[in-house]
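Source file: work34.pdb (PDB, C-alpha atoms and all ligand atoms)
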```pdb
ATOM      1  CA  MET B   1      72.495  80.431 124.035
ATOM      2  CA  ALA B   2      75.146  79.438 121.499
ATOM      3  CA  CYS B   3      77.667  82.117 122.389
ATOM      4  CA  SER B   4      78.988  83.512 125.630
ATOM      5  CA  PHE B   5      79.030  87.174 124.594
ATOM      6  CA  GLY B   6      75.466  87.766 125.700
ATOM      7  CA  LYS B   7      75.929  86.317 129.179
ATOM      8  CA  GLY B   8      73.960  88.102 131.851
ATOM      9  CA  LEU B   9      71.569  89.716 129.367
ATOM     10  CA  ASP B  10      67.938  88.750 128.781
ATOM     11  CA  LYS B  11      67.369  86.161 126.028
ATOM     12  CA  ASP B  12      66.449  88.565 123.178
ATOM     13  CA  THR B  13      69.140  91.126 123.922
ATOM     14  CA  GLY B  14      71.705  88.367 124.415
ATOM     15  CA  SER B  15      70.817  86.749 121.087
ATOM     16  CA  PHE B  16      70.941  90.077 119.274
ATOM     17  CA  TYR B  17      74.318  90.823 120.847
ATOM     18  CA  CYS B  18      75.604  87.383 119.817
ATOM     19  CA  VAL B  19      74.505  87.909 116.204
ATOM     20  CA  ILE B  20      76.248  91.301 116.011
ATOM     21  CA  VAL B  21      79.465  89.999 117.563
ATOM     22  CA  THR B  22      79.443  86.944 115.292
ATOM     23  CA  LEU B  23      78.959  89.085 112.189
ATOM     24  CA  LEU B  24      81.759  91.442 113.202
ATOM     25  CA  MET B  25      84.102  88.553 113.864
ATOM     26  CA  ALA B  26      83.193  86.855 110.599
ATOM     27  CA  GLU B  27      83.936  89.894 108.420
ATOM     28  CA  PRO B  28      86.999  89.045 106.388
ATOM     29  CA  ARG B  29      89.976  91.265 106.959
ATOM     30  CA  ARG B  30      90.489  93.558 104.048
ATOM     31  CA  LYS B  31      93.550  92.442 102.211
ATOM     32  CA  LYS B  32      95.988  95.095 101.157
ATOM     33  CA  ALA B  33      96.351  95.133  97.395
ATOM     34  CA  ALA B  34      99.654  93.735  96.216
ATOM     35  CA  PRO B  35     101.918  96.388  94.701
ATOM     36  CA  LYS B  36     101.918  96.452  90.934
ATOM     37  CA  VAL B  37     105.349  95.615  89.565
ATOM     38  CA  ASP B  38     105.659  96.188  85.820
ATOM     39  CA  ILE B  39     108.465  94.621  83.846
ATOM     40  CA  TYR B  40     109.103  95.968  80.354
ATOM     41  CA  LYS B  41     110.569  92.977  78.606
ATOM     42  CA  ALA B  42     111.601  95.059  75.601
ATOM     43  CA  TRP B  43     114.087  96.967  77.780
ATOM     44  CA  CYS B  44     115.092  94.041  79.966
ATOM     45  CA  LYS B  45     118.347  92.225  79.256
ATOM     46  CA  ALA B  46     117.611  89.405  81.706
ATOM     47  CA  CYS B  47     120.598  90.222  83.896
ATOM     48  CA  GLY B  48     118.800  89.063  87.042
ATOM     49  CA  ILE B  49     119.879  91.987  89.221
ATOM     50  CA  CYS B  50     116.315  92.780  90.250
ATOM     51  CA  VAL B  51     115.721  89.178  91.273
ATOM     52  CA  ALA B  52     118.960  89.047  93.228
ATOM     53  CA  PHE B  53     118.202  92.264  95.117
ATOM     54  CA  CYS B  54     114.545  91.602  95.875
ATOM     55  CA  PRO B  55     114.655  91.207  99.660
ATOM     56  CA  THR B  56     111.472  89.156  99.850
ATOM     57  CA  GLY B  57     112.025  86.717  97.013
ATOM     58  CA  SER B  58     108.932  87.985  95.203
ATOM     59  CA  LEU B  59     110.676  87.894  91.855
ATOM     60  CA  ALA B  60     111.915  84.876  89.946
ATOM     61  CA  ARG B  61     113.427  84.247  86.520
ATOM     62  CA  ASP B  62     111.753  82.342  83.721
ATOM     63  CA  GLU B  63     113.502  79.794  81.489
ATOM     64  CA  ALA B  64     114.982  82.578  79.398
ATOM     65  CA  GLY B  65     116.215  84.441  82.485
ATOM     66  CA  TYR B  66     113.625  87.200  82.368
ATOM     67  CA  PRO B  67     112.181  88.286  85.684
ATOM     68  CA  TYR B  68     108.557  87.903  86.656
ATOM     69  CA  VAL B  69     106.600  88.421  89.825
ATOM     70  CA  LYS B  70     106.267  84.940  91.226
ATOM     71  CA  TYR B  71     104.885  85.855  94.646
ATOM     72  CA  PRO B  72     103.003  89.176  94.419
ATOM     73  CA  ASP B  73     101.738  88.840  97.997
ATOM     74  CA  LYS B  74     105.297  88.788  99.323
ATOM     75  CA  CYS B  75     106.179  92.100  97.676
ATOM     76  CA  THR B  76     106.625  94.841 100.257
ATOM     77  CA  ASN B  77     106.656  97.688  97.773
ATOM     78  CA  CYS B  78     110.222  98.555  98.735
ATOM     79  CA  GLY B  79     111.212  99.577  95.208
ATOM     80  CA  TRP B  80     114.656  97.958  95.285
ATOM     81  CA  CYS B  81     114.047  96.174  91.994
ATOM     82  CA  GLU B  82     113.247  99.463  90.292
ATOM     83  CA  ILE B  83     116.196 101.265  91.842
ATOM     84  CA  ARG B  84     118.659  98.502  90.960
ATOM     85  CA  CYS B  85     117.595  97.869  87.377
ATOM     86  CA  PRO B  86     120.278  99.408  85.146
ATOM     87  CA  ASP B  87     117.894  99.550  82.169
ATOM     88  CA  PHE B  88     114.832 101.182  83.739
ATOM     89  CA  ALA B  89     112.915  98.061  82.751
ATOM     90  CA  ILE B  90     111.023  97.609  86.006
ATOM     91  CA  THR B  91     108.692  99.934  87.857
ATOM     92  CA  VAL B  92     106.806  99.607  91.107
ATOM     93  CA  GLN B  93     103.569 101.422  90.458
ATOM     94  CA  GLN B  94     102.245 101.707  94.004
ATOM     95  CA  LYS B  95     105.509 103.202  95.193
ATOM     96  CA  ARG B  96     105.159 105.937  92.588
ATOM     97  CA  ASP B  97     101.538 106.557  93.540
ATOM     98  CA  GLU B  98     102.437 106.851  97.217
ATOM     99  CA  ALA B  99     105.289 109.228  96.419
ATOM    100  CA  ARG B 100     102.923 111.347  94.329
ATOM    101  CA  LYS B 101     100.293 111.420  97.110
ATOM    102  CA  MET B 102     102.954 112.366  99.666
ATOM    103  CA  ARG B 103     104.178 115.112  97.411
ATOM    104  CA  GLU B 104     100.651 116.449  96.845
ATOM    105  CA  SER B 105      99.887 116.459 100.563
ATOM    106  CA  PHE B 106     103.154 118.263 101.221
ATOM    107  CA  GLU B 107     102.269 120.878  98.617
ATOM    108  CA  GLU B 108      98.828 121.359 100.188
ATOM    109  CA  GLU B 109     100.209 121.745 103.702
ATOM    110  CA  ALA B 110     103.334 123.720 102.901
ATOM    111  CA  PRO B 111     103.226 127.434 103.622
ATOM    112  CA  GLU B 112     103.358 129.638 100.564
ATOM    113  CA  GLY B 113     106.832 129.926  99.077
ATOM    114  CA  THR B 114     107.993 126.538 100.370
ATOM    115  CA  ALA B 115     109.248 124.235  97.642
ATOM    116  CA  ALA B 116     108.214 120.577  97.599
ATOM    117  CA  PRO B 117     111.053 118.028  97.808
ATOM    118  CA  GLY B 118     112.878 117.705  94.517
ATOM    119  CA  GLU B 119     111.989 121.203  93.303
TER
HETATM  120  S1  LIG T   1     109.249  96.192  95.228
HETATM  121 FE1  LIG T   1     110.761  95.209  96.614
HETATM  122  S2  LIG T   1     109.744  93.369  97.363
HETATM  123 FE2  LIG T   1     108.571  94.068  95.572
HETATM  124  S3  LIG T   1     109.418  92.919  93.830
HETATM  125 FE3  LIG T   1     110.544  94.861  93.972
HETATM  126  S4  LIG T   1     112.373  94.440  95.233
HETATM  127 FE4  LIG T   1     110.900  92.760  95.542
HETATM  128  S1  LIG T   2     117.498  94.298  86.607
HETATM  129 FE1  LIG T   2     116.334  95.190  84.881
HETATM  130  S2  LIG T   2     117.385  94.436  83.040
HETATM  131 FE2  LIG T   2     118.054  93.146  84.765
HETATM  132  S3  LIG T   2     116.634  91.406  84.760
HETATM  133 FE3  LIG T   2     115.765  92.938  86.164
HETATM  134  S4  LIG T   2     114.354  94.156  84.876
HETATM  135 FE4  LIG T   2     115.705  93.014  83.494
END
```
For the file at hand, write its structure as structure tokens.
Amino acid sequence: MACSFGKGLDKDTGSFYCVIVTLLMAEPRRKKAAPKVDIYKAWCKACGICVAFCPTGSLARDEAGYPYVKYPDKCTNCGWCEIRCPDFAITVQQKRDEARKMRESFEEEAPEGTAAPGE
């Protein structure tokens, strides 16, 4: 038998068990989608604040000084770039979606007459 997972079992059961275990182990881990960071160049003045405050180094500046997402996989969805941009030129989409979902779930669970945060 090629694997040790089916040890002590009869040949057919052991082989079947080995196949199942192998398939389960081979399944690729689902990768979390990278947060979507949008940069509106028309509003951006290339000050570099977002790049300087990004705690993970996900952002970089191009030759003209404009920011771009260089390492999307490093982005932790913290939203610092959006918060720090003085010109509202950068948004972190997933952060907004999560905030909206949280707000909706709060509204569903809240007893009648309870205001959602920010209302
Ligand atoms: S959301 Fe956070 S980690 Fe992602 S690019 Fe903005 S500052 Fe960097
Ligand atoms: S902080 Fe805002 S204006 Fe400054 S470079 Fe980043 S996106 Fe552009």
Using only C-alpha atoms and all ligand atoms, which residues of chain B come within 8 Å of ligand LIG 2 (chain T), and what is the closest atom pair for each, with the distance in Å to one decimal? Give it as JSON lines, sorted by chain and residue number.
```
{"residue": "B:Ile39", "atom": "CA", "partner": "T:LIG2", "partner_atom": "S4", "distance": 6.0}
{"residue": "B:Tyr40", "atom": "CA", "partner": "T:LIG2", "partner_atom": "S4", "distance": 7.2}
{"residue": "B:Lys41", "atom": "CA", "partner": "T:LIG2", "partner_atom": "FE4", "distance": 7.1}
{"residue": "B:Trp43", "atom": "CA", "partner": "T:LIG2", "partner_atom": "S2", "distance": 6.7}
{"residue": "B:Cys44", "atom": "CA", "partner": "T:LIG2", "partner_atom": "FE4", "distance": 3.7}
{"residue": "B:Lys45", "atom": "CA", "partner": "T:LIG2", "partner_atom": "S2", "distance": 4.5}
{"residue": "B:Ala46", "atom": "CA", "partner": "T:LIG2", "partner_atom": "S3", "distance": 3.8}
{"residue": "B:Cys47", "atom": "CA", "partner": "T:LIG2", "partner_atom": "FE2", "distance": 4.0}
{"residue": "B:Gly48", "atom": "CA", "partner": "T:LIG2", "partner_atom": "S3", "distance": 3.9}
{"residue": "B:Ile49", "atom": "CA", "partner": "T:LIG2", "partner_atom": "S1", "distance": 4.2}
{"residue": "B:Cys50", "atom": "CA", "partner": "T:LIG2", "partner_atom": "S1", "distance": 4.1}
{"residue": "B:Val51", "atom": "CA", "partner": "T:LIG2", "partner_atom": "FE3", "distance": 6.3}
{"residue": "B:Gly65", "atom": "CA", "partner": "T:LIG2", "partner_atom": "S3", "distance": 7.3}
{"residue": "B:Tyr66", "atom": "CA", "partner": "T:LIG2", "partner_atom": "S3", "distance": 5.7}
{"residue": "B:Pro67", "atom": "CA", "partner": "T:LIG2", "partner_atom": "S3", "distance": 5.5}
{"residue": "B:Cys81", "atom": "CA", "partner": "T:LIG2", "partner_atom": "S1", "distance": 6.7}
{"residue": "B:Glu82", "atom": "CA", "partner": "T:LIG2", "partner_atom": "FE1", "distance": 7.6}
{"residue": "B:Arg84", "atom": "CA", "partner": "T:LIG2", "partner_atom": "S1", "distance": 6.2}
{"residue": "B:Cys85", "atom": "CA", "partner": "T:LIG2", "partner_atom": "S1", "distance": 3.7}
{"residue": "B:Pro86", "atom": "CA", "partner": "T:LIG2", "partner_atom": "FE1", "distance": 5.8}
{"residue": "B:Asp87", "atom": "CA", "partner": "T:LIG2", "partner_atom": "S2", "distance": 5.2}
{"residue": "B:Phe88", "atom": "CA", "partner": "T:LIG2", "partner_atom": "FE1", "distance": 6.3}
{"residue": "B:Ala89", "atom": "CA", "partner": "T:LIG2", "partner_atom": "S4", "distance": 4.7}
{"residue": "B:Ile90", "atom": "CA", "partner": "T:LIG2", "partner_atom": "S4", "distance": 4.9}
```
Give me the result of the PyMOL selection byres (((not hetatm)) within 12 of (chain T and resi 1)) on this file, residue by residue, as a VMD selection string. chain B and resid 34 to 39 48 to 60 67 to 85 89 to 96
Rounded to one decimal, what separation in Å do you get between atom CA of Ala42 of chain B and atom CA of Lys101 of chain B?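 According to the coordinates, atom CA of Ala42 of chain B and atom CA of Lys101 of chain B are separated by 29.3 Å.
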Box time for segment 72-80 of chain B: axis-aligned, enclosing all its listed atoms, 8 Å extra on each side; report centre and edge lengths in Å to one decimal, as AutoDock Vina command-line options.
```
--center_x 108.2 --center_y 94.2 --center_z 97.3 --size_x 28.9 --size_y 26.8 --size_z 21.8
```
